[in-house]
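**Q** Following this line is start_33.txt, made up of compact mmCIF, C-alpha atoms:
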```
# COMPACT_ATOMS: atom_id res chain seq x y z
CA MET A 1 143.73 83.48 122.65
CA ALA A 2 146.57 81.67 124.50
CA ASP A 3 149.90 83.41 124.82
CA VAL A 4 152.63 82.15 122.48
CA GLU A 5 155.80 80.97 124.25
CA GLY A 6 158.74 83.31 123.51
CA PRO A 7 162.18 84.39 124.84
CA THR A 8 162.55 85.58 128.42
CA PRO A 9 161.89 89.33 128.63
CA VAL A 10 164.91 91.58 129.21
CA GLU A 11 165.08 93.02 132.71
CA GLY A 12 163.55 96.51 132.84
CA ALA A 13 161.61 96.08 129.62
CA GLU A 14 158.26 95.52 131.32
CA ASP A 15 156.86 98.66 129.68
CA ASP A 16 157.46 97.12 126.26
CA VAL A 17 155.05 94.26 126.88
CA GLU A 18 152.30 94.19 124.27
CA MET A 19 148.77 95.03 125.30
CA GLU A 20 146.74 92.06 126.36
CA GLY A 21 144.67 90.65 123.55
CA ALA A 22 146.93 92.00 120.77
CA THR A 23 147.67 89.88 117.75
CA GLU A 24 151.13 89.10 116.40
CA GLU A 25 150.65 91.97 113.92
CA GLY A 26 150.11 94.37 116.83
CA ASP A 27 146.41 95.03 116.02
CA LEU A 28 143.80 94.72 118.70
CA THR A 29 141.82 91.54 118.45
CA GLN A 30 138.43 92.21 116.98
CA LEU A 31 135.65 91.68 119.44
CA GLU A 32 133.39 88.82 118.55
CA PRO A 33 129.95 90.13 117.52
CA GLU A 34 127.20 89.17 119.87
CA THR A 35 125.37 86.14 118.55
CA PRO A 36 121.65 86.87 118.19
CA LYS A 37 119.43 84.81 120.40
CA LEU A 38 118.01 81.82 118.59
CA VAL A 39 114.22 81.90 118.64
CA LEU A 40 112.59 78.72 117.39
CA PHE A 41 109.07 78.53 116.06
CA ALA A 42 108.25 76.31 119.03
CA ASP A 43 109.30 79.16 121.31
CA LEU A 44 106.92 81.52 119.56
CA VAL A 45 103.89 79.28 119.88
CA LYS A 46 104.56 78.66 123.58
CA SER A 47 103.97 82.33 124.34
CA PRO A 48 100.54 83.44 125.62
CA ILE A 49 97.73 84.37 123.24
CA VAL A 50 96.70 87.96 122.53
CA GLU A 51 93.44 88.75 120.71
CA VAL A 52 93.80 91.30 117.92
CA ILE A 53 90.35 92.69 117.15
CA THR A 54 89.71 94.55 113.90
CA GLY A 55 86.69 96.07 112.17
CA THR A 56 83.20 96.73 113.43
CA GLY A 57 79.79 95.15 112.94
CA ASP A 58 79.71 92.41 110.33
CA ASP A 59 83.35 93.15 109.48
CA ARG A 60 84.53 92.58 113.05
CA GLN A 61 87.24 89.93 113.21
CA THR A 62 89.21 88.49 116.12
CA TYR A 63 92.67 87.05 115.50
CA PRO A 64 94.22 84.97 118.32
CA VAL A 65 97.97 85.56 117.96
CA HIS A 66 100.97 84.47 120.01
CA GLU A 67 102.43 87.34 121.98
CA ALA A 68 106.02 86.64 120.90
CA VAL A 69 104.95 87.07 117.27
CA LEU A 70 103.23 90.40 117.93
CA LEU A 71 106.31 91.74 119.71
CA LYS A 72 108.00 92.04 116.30
CA SER A 73 105.88 95.17 115.84
CA PRO A 74 106.86 98.17 117.99
CA GLU A 75 103.24 99.32 118.14
CA PHE A 76 101.94 95.92 119.20
CA ALA A 77 104.77 95.67 121.74
CA ARG A 78 103.83 99.05 123.20
CA GLN A 79 100.20 98.06 123.64
CA ILE A 80 101.12 94.69 125.16
CA SER A 81 103.34 96.46 127.70
CA GLU A 82 100.32 98.41 128.86
CA PHE A 83 98.18 95.35 129.63
CA ALA A 84 96.87 95.45 133.19
CA PRO A 85 97.76 92.37 135.28
CA GLY A 86 94.86 89.93 135.12
CA GLY A 87 93.03 92.13 132.59
CA PRO A 88 91.92 91.30 129.05
CA ARG A 89 94.72 90.55 126.64
CA GLN A 90 93.23 92.35 123.66
CA ILE A 91 94.46 94.85 121.11
CA LEU A 92 91.79 96.90 119.34
CA PHE A 93 92.26 98.10 115.77
CA VAL A 94 88.61 98.65 114.91
CA ASP A 95 89.46 101.27 112.26
CA SER A 96 91.70 98.93 110.27
CA ASP A 97 90.77 96.59 107.43
CA SER A 98 90.30 93.03 108.72
CA ASP A 99 91.80 91.38 105.64
CA ALA A 100 94.84 93.66 105.77
CA MET A 101 95.36 92.78 109.42
CA GLY A 102 95.11 89.10 108.55
CA SER A 103 97.87 89.58 105.99
CA VAL A 104 100.00 91.45 108.53
CA ILE A 105 99.65 88.56 110.98
CA GLU A 106 100.50 86.08 108.23
CA TYR A 107 103.64 88.10 107.55
CA LEU A 108 104.61 88.18 111.25
CA TYR A 109 104.51 84.38 111.32
CA THR A 110 106.01 83.63 107.89
CA ASN A 111 107.71 86.79 106.54
CA GLU A 112 105.35 86.67 103.54
CA TYR A 113 101.67 87.05 102.70
CA PHE A 114 99.32 85.98 99.91
CA PRO A 115 99.53 86.54 96.99
CA LYS A 116 103.21 85.70 96.96
CA LYS A 117 105.74 86.14 94.18
CA THR A 118 105.88 83.16 91.86
CA SER A 119 109.69 83.00 91.97
CA ALA A 120 112.72 84.66 93.50
CA SER A 121 113.25 86.73 90.35
CA ARG A 122 113.11 90.46 90.94
CA ASP A 123 110.36 90.97 88.36
CA ALA A 124 108.46 87.75 89.14
CA PRO A 125 104.67 88.10 88.86
CA LEU A 126 102.39 87.38 91.78
CA GLN A 127 100.25 84.33 92.33
CA THR A 128 96.77 84.53 90.87
CA ASP A 129 94.29 85.85 93.43
CA PRO A 130 90.88 84.19 92.83
CA ARG A 131 89.18 86.88 94.94
CA LEU A 132 89.78 89.54 92.28
CA PRO A 133 87.50 90.26 89.32
CA SER A 134 88.78 90.49 85.78
CA PRO A 135 89.03 93.18 84.63
CA ASP A 136 89.67 94.85 87.97
CA ASP A 137 87.88 98.18 87.47
CA GLU A 138 87.65 98.78 91.22
CA GLY A 139 91.40 98.45 91.80
CA LEU A 140 90.82 95.75 94.41
CA GLY A 141 94.15 94.08 93.74
CA LEU A 142 96.03 97.34 94.21
CA LEU A 143 94.05 98.15 97.34
CA VAL A 144 94.98 94.82 98.95
CA HIS A 145 98.62 95.84 99.04
CA ALA A 146 97.98 99.55 99.66
CA ARG A 147 96.03 98.75 102.83
CA ILE A 148 98.80 96.44 104.02
CA TYR A 149 101.35 99.17 103.27
CA THR A 150 99.55 101.81 105.36
CA LEU A 151 98.89 99.35 108.21
CA ALA A 152 102.54 98.26 108.21
CA ASP A 153 103.53 101.91 108.50
CA ARG A 154 101.26 102.30 111.50
CA LEU A 155 102.68 99.19 113.14
CA GLY A 156 106.32 100.12 112.57
CA LEU A 157 107.12 97.32 110.11
CA PRO A 158 109.33 98.86 107.38
CA GLU A 159 110.21 95.50 105.78
CA LEU A 160 106.51 94.74 105.30
CA LYS A 161 105.98 98.20 103.82
CA SER A 162 108.71 97.48 101.29
CA LEU A 163 107.23 94.07 100.45
CA ALA A 164 103.72 95.48 99.96
CA HIS A 165 105.07 98.29 97.79
CA SER A 166 106.92 95.82 95.58
CA LYS A 167 103.69 93.89 95.06
CA ILE A 168 101.80 97.02 94.04
CA HIS A 169 104.14 97.29 91.05
CA ARG A 170 103.26 93.75 89.99
CA THR A 171 99.48 94.10 90.16
CA ALA A 172 97.51 94.66 86.97
CA SER A 173 94.52 96.98 86.87
CA THR A 174 92.51 99.29 84.60
CA ALA A 175 92.27 103.08 84.36
CA LYS A 176 89.31 103.12 86.74
CA GLY A 177 91.11 100.75 89.08
CA GLU A 178 94.18 102.98 89.03
CA LEU A 179 92.08 105.96 90.07
CA ALA A 180 90.50 104.00 92.93
CA TYR A 181 94.01 103.17 94.08
CA ALA A 182 95.17 106.78 93.66
CA ARG A 183 92.21 108.01 95.73
CA PHE A 184 93.13 105.64 98.57
CA VAL A 185 96.78 106.67 98.49
CA TYR A 186 96.06 110.40 98.61
CA LYS A 187 93.43 109.94 101.30
CA GLU A 188 95.22 107.50 103.62
CA SER A 189 98.95 108.14 103.24
CA SER A 190 101.02 110.96 104.69
CA PRO A 191 101.68 113.90 102.32
CA GLU A 192 105.39 113.37 103.02
CA ASP A 193 105.31 109.71 101.95
CA ASN A 194 106.88 110.03 98.51
CA THR A 195 107.55 106.30 98.39
CA ILE A 196 103.92 105.55 97.58
CA ARG A 197 102.66 108.93 96.36
CA LYS A 198 105.30 109.83 93.79
CA PRO A 199 104.83 106.67 91.68
CA VAL A 200 101.06 107.36 91.56
CA ALA A 201 101.59 110.90 90.27
CA ALA A 202 104.31 109.79 87.85
CA PHE A 203 102.11 106.98 86.54
CA TRP A 204 99.32 109.40 85.65
CA ALA A 205 101.71 112.07 84.40
CA THR A 206 103.15 109.69 81.80
CA ARG A 207 99.87 107.99 80.82
CA SER A 208 97.07 110.48 81.50
CA PHE A 209 96.73 111.47 77.84
CA SER A 210 95.44 108.00 77.02
CA LEU A 211 94.13 106.65 80.34
CA ARG A 212 91.91 109.62 81.18
CA HIS A 213 89.75 108.91 78.13
CA GLU A 214 88.88 105.53 79.62
CA ALA A 215 87.82 107.06 82.92
CA GLU A 216 87.41 110.79 82.32
CA PRO A 217 84.57 111.37 84.85
CA GLU A 218 86.53 109.51 87.54
CA PHE A 219 89.74 111.35 86.60
CA LYS A 220 88.01 114.73 86.86
CA ALA A 221 86.47 113.80 90.21
CA MET A 222 89.86 112.70 91.51
CA CYS A 223 91.48 115.98 90.47
CA LEU A 224 88.74 118.02 92.15
CA GLU A 225 88.71 115.93 95.32
CA PHE A 226 92.48 115.91 95.75
CA PRO A 227 94.06 119.14 94.43
CA GLN A 228 97.47 117.86 95.56
CA PHE A 229 97.11 114.97 93.10
CA SER A 230 96.35 117.46 90.32
CA TYR A 231 99.37 119.57 91.22
CA ASP A 232 101.72 116.58 91.49
CA VAL A 233 100.64 115.29 88.07
CA LEU A 234 100.82 118.74 86.45
CA GLN A 235 104.26 119.39 87.90
CA LEU A 236 105.63 116.16 86.42
CA VAL A 237 103.99 116.86 83.04
CA LEU A 238 105.57 120.32 82.92
CA ASP A 239 108.94 118.92 84.00
CA GLN A 240 108.70 116.35 81.24
CA GLN A 241 107.89 119.00 78.64
CA GLU A 242 110.77 121.18 79.81
CA LYS A 243 113.25 118.31 79.64
CA SER A 244 111.99 117.34 76.19
CA ARG A 245 112.47 120.90 75.00
CA ARG A 246 116.02 120.95 76.35
CA GLN A 247 116.76 117.70 74.55
CA THR A 248 115.61 119.31 71.31
CA THR A 249 117.09 122.81 71.59
CA GLY A 250 119.67 122.45 74.34
CA GLY A 251 119.50 124.65 77.41
CA ASP A 252 122.06 126.62 79.33
CA ASP A 253 123.50 123.38 80.60
CA GLY A 254 123.39 121.67 77.22
CA PRO A 255 120.97 118.95 76.07
CA SER A 256 119.37 116.95 78.82
CA ARG A 257 120.30 113.29 78.71
CA GLY A 258 118.40 112.17 81.78
CA PRO A 259 115.05 110.41 82.01
CA THR A 260 111.88 112.43 81.45
CA VAL A 261 110.31 111.39 84.74
CA VAL A 262 111.58 110.69 88.22
CA PRO A 263 113.87 107.60 88.14
CA GLY A 264 112.16 104.50 89.46
CA SER A 265 108.79 106.21 89.62
CA THR A 266 106.89 104.32 86.93
CA ARG A 267 105.50 100.91 87.49
CA LYS A 268 106.85 97.86 85.67
CA ARG A 269 103.70 95.88 85.24
CA GLN A 270 101.26 94.96 82.56
CA ARG A 271 98.33 97.16 81.68
CA GLN A 272 94.81 96.09 80.91
CA LEU A 273 93.73 98.69 78.38
```
Any chance you could put this one into structure tokens?
**A**
Amino acid sequence: MADVEGPTPVEGAEDDVEMEGATEEGDLTQLEPETPKLVLFADLVKSPIVEVITGTGDDRQTYPVHEAVLLKSPEFARQISEFAPGGPRQILFVDSDSDAMGSVIEYLYTNEYFPKKTSASRDAPLQTDPRLPSPDDEGLGLLVHARIYTLADRLGLPELKSLAHSKIHRTASTAKGELAYARFVYKESSPEDNTIRKPVAAFWATRSFSLRHEAEPEFKAMCLEFPQFSYDVLQLVLDQQEKSRRQTTGGDDGPSRGPTVVPGSTRKRQRQL
């Protein structure tokens, strides 16, 4: 900022000169934030190709991806940094689902993946996925997004995790499909990941009295295979009963006016019963 012309300073008043860069109000000029580097799509596709290899056997899939796109993932960036000069430019994820990896790569290029939301509305449904059966007794629609969620966690992509989780809540299924999804979550996710685990437990805690009759053998098998699932569901059922009792009789702290399950833990999506 150019200095404003003013009266001649009084002799001996040099110490009263304002600090350089100060405004007329005496506040320090705010530093201009650093402008992020503009990266055009053309810049991305000019970068060298890296082969991302997923799956094994008949499920093996190779995705040629531009390096600059993969660098958005901290895990991909780490592996690229370890490439030997003149060596193969390949990243191996043979234990990951090939379709989930394809969706991750689609997201890295476009910030979205199929099926997309049908509008910008918060509760907008997803596009119809012709790959899914109807009714979806195997929970395939839920598993699409659950696999992307866990892979995004592994790759250090929190925004993709959030996107996949939001799509789980918009995917219809059946009781059997819900249990297939619950089995995947309790098998593949971290025990500390309440973001994806707590809604599963809360969903069954609030609906198990009706849903278990549609899939009782599967529900029993799930409880026996994953005792933590049984405990999480039972804990929420007992909490719900305790809160209901307090609403009726009033406890030491007076009647409970809060929700009967964890806020935000139940899914807002249609059921196929």
**Q** Report, in Å to a single decimal, how far apart CA of Pro48 (chain A) and CA of Phe114 (chain A) are.
**A**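 Atom-to-atom, CA of Phe114 (chain A) and CA of Pro48 (chain A) are spaced 25.9 Å apart.
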**Q** Counting only C-alpha atoms, what are the residues of region 143-224 of chain A within 7 Å of region 51-74 of chain A, and for each of them which pair of atoms is the nearest and at what distance in Å, to one decimal? Sort the table by chain and rising number, as a tab-separated table.
**A**
```
residue	atom	partner	partner_atom	distance
A:Leu155	CA	A:Ser73	CA	5.8
A:Gly156	CA	A:Pro74	CA	5.8
A:Leu157	CA	A:Ser73	CA	6.2
```
**Q** May I have the protein, DNA and RNA residues with any atom at most 8 Å from the point (93.9, 97.5, 94.7), counting all atoms listed in the file, written as a PyMOL selection string?
**A** chain A and resi 138-146+168+171+173+177-178+180-181
**Q** Contacts of Pro227 (chain A) at 12 Å or less, counting all atoms listed in the file, minus same-chain residues fewer than 5 places along, as a list in words?
**A**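 That gives Arg183, Tyr186, Lys187, Ala201, Phe219, Lys220, Ala221, Met222, Asp232, Val233 and Leu234 of chain A.
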**Q** Give me, please, the distance in Å between CA of Leu151 (chain A) and CA of Gln235 (chain A), quoted to one decimal.
**A**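 Here the two named atoms are 29.0 Å from each other.
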**Q** Compare A:Ile148, A:Leu179, A:Val94, A:Val45 by their minimum atom-to-atom distance to Ser166 (chain A), counting all atoms listed in the file, and give me the closest one.
**A** A:Ile148
**Q** Give the answer as one residue: which of A:Thr174, A:Ser96, A:Gln228, A:Asn111 has the shortest atom-to-atom distance to Lys198 (chain A), using all atoms listed in the file?
**A**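 Closest to Lys198 (chain A), using all atoms listed in the file: A:Gln228.
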**Q** Between A:Thr206, A:Val104, A:Pro133, A:Glu188, which is the closest to Ala164 (chain A) once you count only C-alpha atoms?
**A**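 Ranked by minimum distance to Ala164 (chain A), first place goes to A:Val104.
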**Q** Can you measure CA of Cys223 (chain A) to CA of Phe203 (chain A) for me? One decimal in Å is fine.
**A**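 Going from CA of Cys223 (chain A) over to CA of Phe203 (chain A) covers 14.5 Å.
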